[in-house]
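S.K.: Shown below is the structure under consideration.
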Amino acid sequence: MEENKGGNAADEYKEEEKKVKRLIRNAKRRFEKNLADSDSSREFFAYIRKKTKSRPTIGPLKTRDKKVVSDDEEMATMLNEFFSSVFTREDESQTPTAEEMETTSRLDDIVITEWMVRKKIRKLRRAAAPGPDGIGPRLLQELEDEIVGCITLIFRK
């Protein structure tokens with residue numbers, strides 16, 4: 001680094017560091033704005049997921065007398081005592097019971113046809129991730145004729 005007029009290398013370095021930080025901040029803002037404006041919800045939620053990763057552990061915690069606690073059981077006890085202290089006890093005598101509640105509709109009244117199931121299968125996004133059962137939308141669409149009867153039966157049950 002060359003020395004500038006009347007300044008030294010440390011001052012020049014700090015100025016360049018500020019410029020780079022400003023450029024990075026502006027680039028990040030542009031990226032996030034473009035992401036928010038785009039139609040791709042997949043990219044948006046992938047970015048959000050990346051930014052909101054939670055820490056796998058809790059603690060260590062400090063007691064009121066500034067003692068550090070890192071034992072899992074002690075920390076659980078401390079958290080339990082804290083949360084118990086901030087919540088109020090509700091009057092459970094006023095809670096309605098199931099017998100008192102009037103039911104107006106039953107699930108037996110719901111009609112599900114093969115045509116309705118086919119319509120839903122066709123509307124699935126082929127590129128979407130599979131559900132917890134591991135079956136992807138593309139597979140459901142490819143096997144629609146073979147599985148529509150079984151799926152309809154499952155929903156009816």
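Naming scheme: A, B, ... for chains in displayed order of the structure tokens; residues 1 onward per chain; ligands 1 onward as shown.
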Using only C-alpha atoms, which protein or nucleic acid residues come within 10 Å of stretch 46-63 of chain A? Drop anything in the same chain fewer than 6 positions from it, and give the result as a PyMOL selection string.

M.R.: chain A and resi 32+35+69-72+74-76+78-79

S.K.: Mind dumping the selected residues with C-alpha atoms as an mmCIF file, in the first residue's frame?

M.R.:
```
data_model
loop_
_atom_site.group_PDB
_atom_site.id
_atom_site.type_symbol
_atom_site.label_atom_id
_atom_site.label_comp_id
_atom_site.auth_asym_id
_atom_site.auth_seq_id
_atom_site.Cartn_x
_atom_site.Cartn_y
_atom_site.Cartn_z
ATOM 1 C CA GLU A 32 -32.544 -9.791 -0.732
ATOM 2 C CA LEU A 35 -35.249 -12.462 -3.875
ATOM 3 C CA VAL A 69 -24.920 -23.661 35.279
ATOM 4 C CA SER A 70 -24.156 -26.025 32.389
ATOM 5 C CA ASP A 71 -25.613 -29.328 33.637
ATOM 6 C CA ASP A 72 -28.645 -30.274 31.501
ATOM 7 C CA GLU A 74 -30.022 -28.079 36.424
ATOM 8 C CA MET A 75 -30.698 -25.917 33.340
ATOM 9 C CA ALA A 76 -34.011 -27.708 32.755
ATOM 10 C CA MET A 78 -34.045 -23.390 36.099
ATOM 11 C CA LEU A 79 -36.074 -22.956 32.890
#
```

S.K.: Any chance you could list, as a PyMOL selection string, the residues in chain A that come up helix (DSSP H, G or I) when DSSP is run on the backbone?

M.R.: chain A and resi 9-37+41-51+72-86+92-94+107-109+114-123+137-142+144-156

S.K.: As an mmCIF file with C-alpha atoms, in the first residue's frame, please: the residues near A:Cys150 (cut-off 12 Å, only C-alpha atoms, same-chain neighbours under 6 positions excluded).

M.R.:
```
data_model
loop_
_atom_site.group_PDB
_atom_site.id
_atom_site.type_symbol
_atom_site.label_atom_id
_atom_site.label_comp_id
_atom_site.auth_asym_id
_atom_site.auth_seq_id
_atom_site.Cartn_x
_atom_site.Cartn_y
_atom_site.Cartn_z
ATOM 1 C CA THR A 113 -64.882 -38.894 -5.201
ATOM 2 C CA GLU A 114 -62.158 -40.321 -7.432
ATOM 3 C CA VAL A 117 -58.665 -36.941 -5.912
ATOM 4 C CA ARG A 118 -57.539 -36.974 -9.579
ATOM 5 C CA LEU A 140 -48.232 -39.804 -7.783
ATOM 6 C CA LEU A 143 -49.236 -43.683 -11.236
ATOM 7 C CA GLU A 144 -52.492 -41.709 -11.050
ATOM 8 C CA ARG A 156 -63.028 -41.860 2.765
ATOM 9 C CA LYS A 157 -61.971 -43.905 5.800
#
```

S.K.: Quick one: pull the distance between atom CA of A:Ser93 and atom CA of A:Thr77, Å, one decimal.

M.R.: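 Taking atom CA of A:Ser93 as the start and atom CA of A:Thr77 as the end point, the length is 29.1 Å.
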
S.K.: Quick one: DSSP strand (DSSP E) residues in stretch 41-74 of chain A, as a compact mmCIF listing (two decimals) with N, CA and C atoms, in the first residue's frame?

M.R.:
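selection-v6.txt written:
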```
# COMPACT_ATOMS: atom_id res chain seq x y z
N LEU A 61 -26.32 -21.35 31.45
CA LEU A 61 -27.18 -20.31 32.00
C LEU A 61 -26.58 -19.76 33.28
N LYS A 62 -26.99 -18.54 33.64
CA LYS A 62 -26.54 -17.94 34.89
C LYS A 62 -27.70 -17.86 35.86
N VAL A 68 -22.70 -19.89 37.10
CA VAL A 68 -22.89 -20.47 35.77
C VAL A 68 -23.29 -21.93 35.91
N VAL A 69 -24.40 -22.29 35.24
CA VAL A 69 -24.92 -23.66 35.28
C VAL A 69 -24.87 -24.23 33.87
```

S.K.: Between A:Asp11, A:Glu16, A:Asn26, A:Phe155, which is the closest to A:Ile110 once you count only C-alpha atoms?

M.R.: A:Phe155

S.K.: Distance atom CA of A:Met116-atom CA of A:Gly136, one decimal place?

M.R.: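 Between atom CA of A:Met116 and atom CA of A:Gly136 the gap is 19.1 Å.
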
S.K.: I'd like the interatomic distance between atom CA of A:Asp145 and atom CA of A:Ile121, to a tenth of an Å.

M.R.: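 Pair atom CA of A:Asp145 / atom CA of A:Ile121 returns 10.6 Å.
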
S.K.: Quick one: everything within 7 Å of A:Pro137, counting only C-alpha atoms, minus sequence neighbours fewer than 2 positions away in the same chain. Send it as a list in words.

M.R.: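 Contacts, in chain order: Leu124, Arg125, Arg126, Ala128, Pro130, Ile135, Leu139, Leu140 and Gln141 of chain A.
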